[in-house]
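First the structure, in the form of structure tokens, and then the observations on it.
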There are 2 protein chains.
Amino acid sequence: MVLTPEAVQAIKAEGPELPLMHQSVKDVIESADRALANDIVVPVPKDAGGGYTHEKHKQNNMDMYHAGIAFQITDDLRYARFVEDMLLQYADLYPTLGIHPEKGNQSAGKLFWQGLNETVWLVYTIQAYDNVRDAISRQSRARIEKEVFRRMVHFFTVENTYSFNRVHNHGTWAVAAIGMTGIVLGEHELVKQALWSTDLSGNGGFLKQLDRLFSPDGYYAEGPYYQRYALLPFVIFAQALENNYPDLKIFEYRGNLIEKMVNTALQLTDEAGYFFPYNNSIKTKNFTSKEIVFGVNIAYALSKDAGLLDVAERQGRVMISAQGLDVARDHAQGKARGFTRKSLFLRDGADGTDGGIAILRNADSAGAQTLVFKFSSQGMGHGHFDRLQYLFYEDGQEVIRDYGAARFVNVEPKFGGRYLPENTSWAKQTIAHNTVTLNATSHYEGKLAPAEAHAPSLIFYKTDAGNNQFVAAVDSNCYDNGILRRAMALVNTQQGVVVLDLFEVLAPGANVADYATYYQGQFINSTLAYAPFVNALKPLGKTNGYEHLWLTAQSDKYTGKGMEQFSFLSNNRFYTVSTLMNAAATWNFVRIGANDPDFNLRNEPGLIVSQPFVDRQVFASVVEAHGRFDPVTEMVAGASSQVKELEVVADKEGVLVFKAKIGLEEINWTISFDPDQQKTHLSIQQTE
Amino acid sequence: MVLTPEAVQAIKAEGPELPLMHQSVKDVIESADRALANDIVVPVPKDAGGGYTHEKHKQNNMDMYHAGIAFQITDDLRYARFVEDMLLQYADLYPTLGIHPEKGNQSAGKLFWQGLNETVWLVYTIQAYDNVRDAISRQSRARIEKEVFRRMVHFFTVENTYSFNRVHNHGTWAVAAIGMTGIVLGEHELVKQALWSTDLSGNGGFLKQLDRLFSPDGYYAEGPYYQRYALLPFVIFAQALENNYPDLKIFEYRGNLIEKMVNTALQLTDEAGYFFPYNNSIKTKNFTSKEIVFGVNIAYALSKDAGLLDVAERQGRVMISAQGLDVARDHAQGKARGFTRKSLFLRDGADGTDGGIAILRNADSAGAQTLVFKFSSQGMGHGHFDRLQYLFYEDGQEVIRDYGAARFVNVEPKFGGRYLPENTSWAKQTIAHNTVTLNATSHYEGKLAPAEAHAPSLIFYKTDAGNNQFVAAVDSNCYDNGILRRAMALVNTQQGVVVLDLFEVLAPGANVADYATYYQGQFINSTLAYAPFVNALKPLGKTNGYEHLWLTAQSDKYTGKGMEQFSFLSNNRFYTVSTLMNAAATWNFVRIGANDPDFNLRNEPGLIVSQPFVDRQVFASVVEAHGRFDPVTEMVAGASSQVKELEVVADKEGVLVFKAKIGLEEINWTISFDPDQQKTHLSIQQTE
């Protein structure tokens, strides 16, 4: 189905000479051998994610998958027998099972607490079965197909129709699992249900999911972490369809969407290959994960983009299939070229009209800066209420950072490995992000339904890497009485690359805007005097995430009108955030971790400018890297900011001019928040 | 003097073919070229450490040093002229200077706020001058020698006799600087003063420093960070003496002490090459620092130990001298063998009788564990009050950790780059360390003089790497009415390597012992119920470092009598500390950072068991690594501790038997704290 007989012959013939394929085959056979060395154990399902039975069924799944491939490559019947024996045990177990005892809020499974895990299990197991079927007895086949596969098919297509037909990542796994099972069992009807939903209406099913779950740029609304996860059933089922239903031309569907979603996933990584961690995401995930290996191999077979060979080399392995063989062969022939991360604007929404993500990169090389500006749609249940927030990276390190998800994935003692309560009470809240919270209330009051109904809009963007780059967006719906507009620029100065930030808040009457910056590193100093709370700490607030912030210091209400700065040391670089202050502003130094009875949160620092205003407020800031601490020689250079002066020199009819003196240069940046004007202009003059 | 004419000829001839020498020469010439491209600036001294004039004079110093070497290698007179021109500017400046305006508590300099920096400057500058002297005019020579070198000699040998003759690291730099200046100026008398003190009594001077500052095992009392720093003047001056006064046989002095101090410095690093950070130390320093490059090269020329070539390879450069050439040549010939870190006991004290450091390593390979047990002398002003503390490493990562120094070295905005006030109020205090604080008072009440007068004593040790390893020591003086005795073991079990810890506190009457553990990572869970302080934090205490700990949670007073555990996740591994609890014990969860108005401290977590007792208390604990979180696949294995039961099964006449059931094994560890018995015996039985 996926691994074709022709590919098997070619891998046997050429594989040993191709480093990536040789290593990958070796790894799979070693995994299979480890599996064969142990007794088969198929436990009665009991535990939630991370628990013994959960992990054991996942492990069995991978063991069978590896053994199936090992059998194809080696023709050693022991591998086929292993899959057969294990599936016969599942055939004993599965008919006895009801719904999993740890059933949570999600659609439940039988082997697993979530139906999702069960469809993932089926995607791999049906491939294992496909790879060994010809080598096992007719009797065993009949029993396995009846008691395992057809029962699972019934469970998903009859008992859980809602999940199966739902246009959602969980549905993609379900249709991929059932569609692939249909191919293997020769049940054309199941493939049709997988493509067009159980009623064949096309209101659900794989094609509808291709239409709706990804934007025309191949962007997945839940964000990079789930884009990685979501794309696996797409690419693997697409390959199975291509091999078995070539007339569908599935890879050409919607402007080569499958290929786009892989390339977009790769672009959504930092210089070190880690996925940008906004929305629900585990920060340790990078592009060496299996889903991306499969995606890169399948995309390469389609595009022959030499940059993908570079990614494959860093992944160190390939898919054992015709596509992986393509990659390994061309890699061995030295065709790899450096994978390039670009500056780009990715549209969100099925029609590309739900805002998006702007990634401004000044280069794709060591030490490069990346600004990620988020004005995408909510991203369904995994989305955070973080309209117009940004992240800033240097040299592959987070500098201005996103918290990511509050979750210890698969760590059983931490809430069963599920999303922690603090994911909702902290990580999703607006105050947890580098944006503005109005009147201490999260965007859309933290409610999913209204947040799903609206997305921010682009005002302008220019993303030519190497040149100065700009983006601006507006969100008019996240507050009933408030509009947020933000323009950001990544600018090349003699002092290095700096970020300019103009954040306008419009809200009639008296309001307070909280402009937050969460940084990585150690606070160095600030120009504004503050009173530290040295002897007693209290939370910053009571709700909407504020209750999770310890207030560690606070400035007096500001009486001047000018620029104030705070500096920190991160990854042996100094950084300064310079912000224009208005009268009555207060700085709140915060540290995450209040109201966290189980110590679930990371205790990271942030700084929140609380600005009372009437009708309208503009925050104008510069983020600047300067100097360096050499950890070996202990030499320090450039520990002081080069930002000398900030001023908003013109501000009328929606047009702002932001002047910044940095080092010996004066920058004047003119923008308009009027989307019809699409105006951004920047000039730099020497001042001496 | 150091770089001999013969070495210059050989480096010119062979250097281009030897990768390490080629790279090192290239680096030096590039540095020299960068220096020559700029105008010479010799500013009037004004700033403290980290400030402009401080850094500029340091930079000038290195620029001259590099130019001197570049001249020798290239014969290009521009380099010699550069050194000449700069020294002539110093000849203009130096006679005009009084004591530096930022003079602190230390002996002041003229160019620098500390005399120490000035002697360091002279050590390098006199070498630069030595390398170019033959190429500059007689008139310039006379002026430079008179206005710079002889004035500095006068400043140190006449005006600052105390520092010069003091048996202390600062004195070593002074005698090296003056001795080397004496060699270059042909002033034999100065060399004699450097060797035997200004009055030639031998009560001070280089040889006395060799006698007193290092132990017979080449251990420096201030600890690894300063051992690295301290050894540079020793090795460089010794090489200068060897080249010019070979009859002194300085390298053979005191049983090849120079070589031992280098090897010991290397052994005092973790798997990643970072110096163990106890006492005052900056945690970013590793064995690629210049001092260790010089030391390794000079030691290699003496010992031809192939493991040193491995270190040199990781350093990526060599000294430009005959010794560096030896290293580069043998390295190029493939003679390097893996550098091996060993289990060892290093005696402290000039006579080797002031306790020491035990380093227990189970292997020197990826994933290996290291236990560092500290029972050395105070370590002078840079020492911390941390008798019998330990550190634990796995895979080159700190797991149970030392805070190190509270200092942002050379970062001007942070207290001028000096030791911060929190270094005294927090980092030096006993409660900041993984040991016992009695009645909330630091060892020796945090007073240097009594702490310097006494050291702990060894009770026993067995350090055969690969086997189970043991160490025990006693400190009878750190409390007026208290004795601390601790035995630790690194034991190989089927579950991996575990640490066993028996800590006995003897103190007549009613007392409270605080047993502290500072860990790296994220708290996972604990067996003991605790009340978290979710809505308000208070410091743990008011003095002795307790005022810097936020109390984040606290257990009820313990009413049972048994084992309790807490677990954390660090570097993708799970760790559990299991401790036998007595009635009335309280667990205090703490986080560093209270009473820290300038945000100078890192907010790291710890757990303190507060145990009231009468007369005697034994803490019995196991530290165990278990399981793993795979960050890419997100698979979790072994998140639960394998320690099933702990018990002190016998405890009389100073003999204890500690029983631990771990996995399917039962460990019985018998020890005696009687130093005459030197008893430690461990057995492991299968329990099933």
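So you can find residues: chains in the structure tokens are A, B, ... in the order shown, residues in each start at 1, and ligands are numbered from 1 in order.
Within 6 Å of stretch 566-568 of chain B, once only C-alpha atoms are used and residues closer than 4 positions along the same chain are dropped, the contacting residues are Gln522, Phe523, Ile524, Asn525, Ser526, Phe574, Tyr575, Thr576 and Val577 of chain B.
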Write down, as number ranges by chain, each residue of chain B that has any atom within 7 Å of an atom of chain A, counting only C-alpha atoms.
B: 50, 284-286, 289, 409-411, 413-414, 523-525, 532, 534-539, 594-597, 599, 631-636, 639
Output file for the selection above: C-alpha atoms, as a PDB file, in the first residue's frame:
ATOM      1  CA  GLY B  50      33.992  46.010  33.045  1.00  0.00           C
ATOM      2  CA  THR B 284      30.459  29.400  32.341  1.00  0.00           C
ATOM      3  CA  LYS B 285      34.177  28.744  32.667  1.00  0.00           C
ATOM      4  CA  ASN B 286      35.535  25.603  31.074  1.00  0.00           C
ATOM      5  CA  SER B 289      40.182  28.933  28.791  1.00  0.00           C
ATOM      6  CA  VAL B 409      31.813  39.156  36.070  1.00  0.00           C
ATOM      7  CA  ASN B 410      32.829  42.249  34.114  1.00  0.00           C
ATOM      8  CA  VAL B 411      29.211  43.303  33.572  1.00  0.00           C
ATOM      9  CA  PRO B 413      25.769  47.601  35.252  1.00  0.00           C
ATOM     10  CA  LYS B 414      25.790  44.751  37.754  1.00  0.00           C
ATOM     11  CA  PHE B 523       9.421  19.627  40.207  1.00  0.00           C
ATOM     12  CA  ILE B 524       7.220  16.658  39.303  1.00  0.00           C
ATOM     13  CA  ASN B 525       5.636  15.378  42.517  1.00  0.00           C
ATOM     14  CA  PRO B 532       1.536  25.384  48.590  1.00  0.00           C
ATOM     15  CA  VAL B 534      -0.250  30.051  46.100  1.00  0.00           C
ATOM     16  CA  ASN B 535      -1.388  33.531  46.972  1.00  0.00           C
ATOM     17  CA  ALA B 536       1.380  35.110  49.042  1.00  0.00           C
ATOM     18  CA  LEU B 537       5.047  34.340  49.520  1.00  0.00           C
ATOM     19  CA  LYS B 538       7.282  35.042  52.474  1.00  0.00           C
ATOM     20  CA  PRO B 539      10.992  34.415  52.924  1.00  0.00           C
ATOM     21  CA  ALA B 594      13.758  36.883  48.129  1.00  0.00           C
ATOM     22  CA  ASN B 595      15.392  40.078  49.400  1.00  0.00           C
ATOM     23  CA  ASP B 596      17.028  40.578  46.049  1.00  0.00           C
ATOM     24  CA  PRO B 597      16.183  44.190  45.142  1.00  0.00           C
ATOM     25  CA  PHE B 599      17.315  40.874  40.675  1.00  0.00           C
ATOM     26  CA  PRO B 631      11.879  15.310  23.486  1.00  0.00           C
ATOM     27  CA  VAL B 632      11.386  14.404  19.840  1.00  0.00           C
ATOM     28  CA  THR B 633       9.110  11.399  20.043  1.00  0.00           C
ATOM     29  CA  GLU B 634       7.591  12.610  23.351  1.00  0.00           C
ATOM     30  CA  MET B 635       7.798   9.047  24.657  1.00  0.00           C
ATOM     31  CA  VAL B 636       8.166   8.676  28.412  1.00  0.00           C
ATOM     32  CA  ALA B 639       8.698   8.141  35.366  1.00  0.00           C
TER      33      ALA B 639
END
Which residue, A:Ser578, A:Ser215, A:Gln685, A:Thr559, has the smallest gap to A:Asp348 when you use only C-alpha atoms?
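The closest residue to A:Asp348 is A:Ser215.
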For stretch 198-201 of chain A, work out the shell of residues within 12 Å, counting only C-alpha atoms and skipping chain neighbours fewer than 4 positions away, then give it as a PyMOL selection string.
chain A and resi 153-154+156-166+171+174-175+178-179+189-194+205-208
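Taking atom CA of B:Met64 and atom CA of B:Tyr124 as the two end points, the separation is 8.1 Å.
Distance-wise, atom CA of A:Ala625 and atom CA of A:Thr435 end up 20.0 Å apart.
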Quick one: residues within 9 Å of B:Gln611, only C-alpha atoms counted, chain neighbours fewer than 2 positions away excluded, as a compact mmCIF listing (two decimals) with C-alpha atoms, in the first residue's frame?
# COMPACT_ATOMS: atom_id res chain seq x y z
CA ASN B 511 18.20 21.45 67.83
CA VAL B 512 16.91 21.79 64.29
CA ALA B 513 18.90 20.47 61.33
CA ASP B 514 18.07 21.78 57.85
CA TYR B 515 19.07 19.26 55.17
CA MET B 581 11.79 11.03 57.73
CA ASN B 582 11.55 11.29 61.49
CA ALA B 583 8.54 12.58 63.38
CA ALA B 584 8.11 16.35 63.44
CA ALA B 585 10.12 16.92 60.28
CA THR B 586 8.86 19.59 57.89
CA TRP B 587 9.54 19.91 54.18
CA VAL B 609 14.01 19.04 55.25
CA PHE B 613 16.02 16.50 67.10
CA GLN B 617 20.00 12.97 64.00
Best match for closeness to B:Asp501 among B:Phe658, B:Asn467, B:Asn481, B:Phe460, counting only C-alpha atoms:
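The shortest atom-to-atom distance to B:Asp501 comes from B:Phe658.
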Excluding A:Asp676 and residues on its chain fewer than 6 positions from it, collect all residues at most 12 Å away from it, counting only C-alpha atoms, and give them as number ranges by chain.
A: 458-460, 654
Helix (DSSP H, G or I) positions in stretch 385-565 of chain B, given as a PyMOL selection string
chain B and resi 415-417+421-427+430-432+443-446+448-453+546-548
To one decimal place in Å, what is the distance between atom CA of B:Arg133 and atom CA of B:Met62?
17.0 Å
Near-stretch 218-227 of chain B list (7 Å; only C-alpha atoms; drop same-chain fewer than 3 positions) as a PyMOL selection string:
chain B and resi 213-215+230-231+257+260-261+264-265+268+275-279+281+346-349+377+379-380+382-383
Might you pull out every residue within 12 Å of B:Thr96, with only C-alpha atoms counted and same-chain residues fewer than 5 positions away left off, and present them as a PyMOL selection string?
chain B and resi 44-45+89-91+110-111+147-148+151
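DSSP annotation of stretch 208-373 of chain B from backbone atoms: strand (DSSP E or B) residues are Phe214, Tyr220, Thr269, Tyr274, Phe275, Asn286, Leu344, Phe345, Leu346, Arg347, Gly356, Ile357, Ala358, Ile359, Leu360, Arg361, Gln369, Thr370, Leu371, Val372 and Phe373 of chain B.
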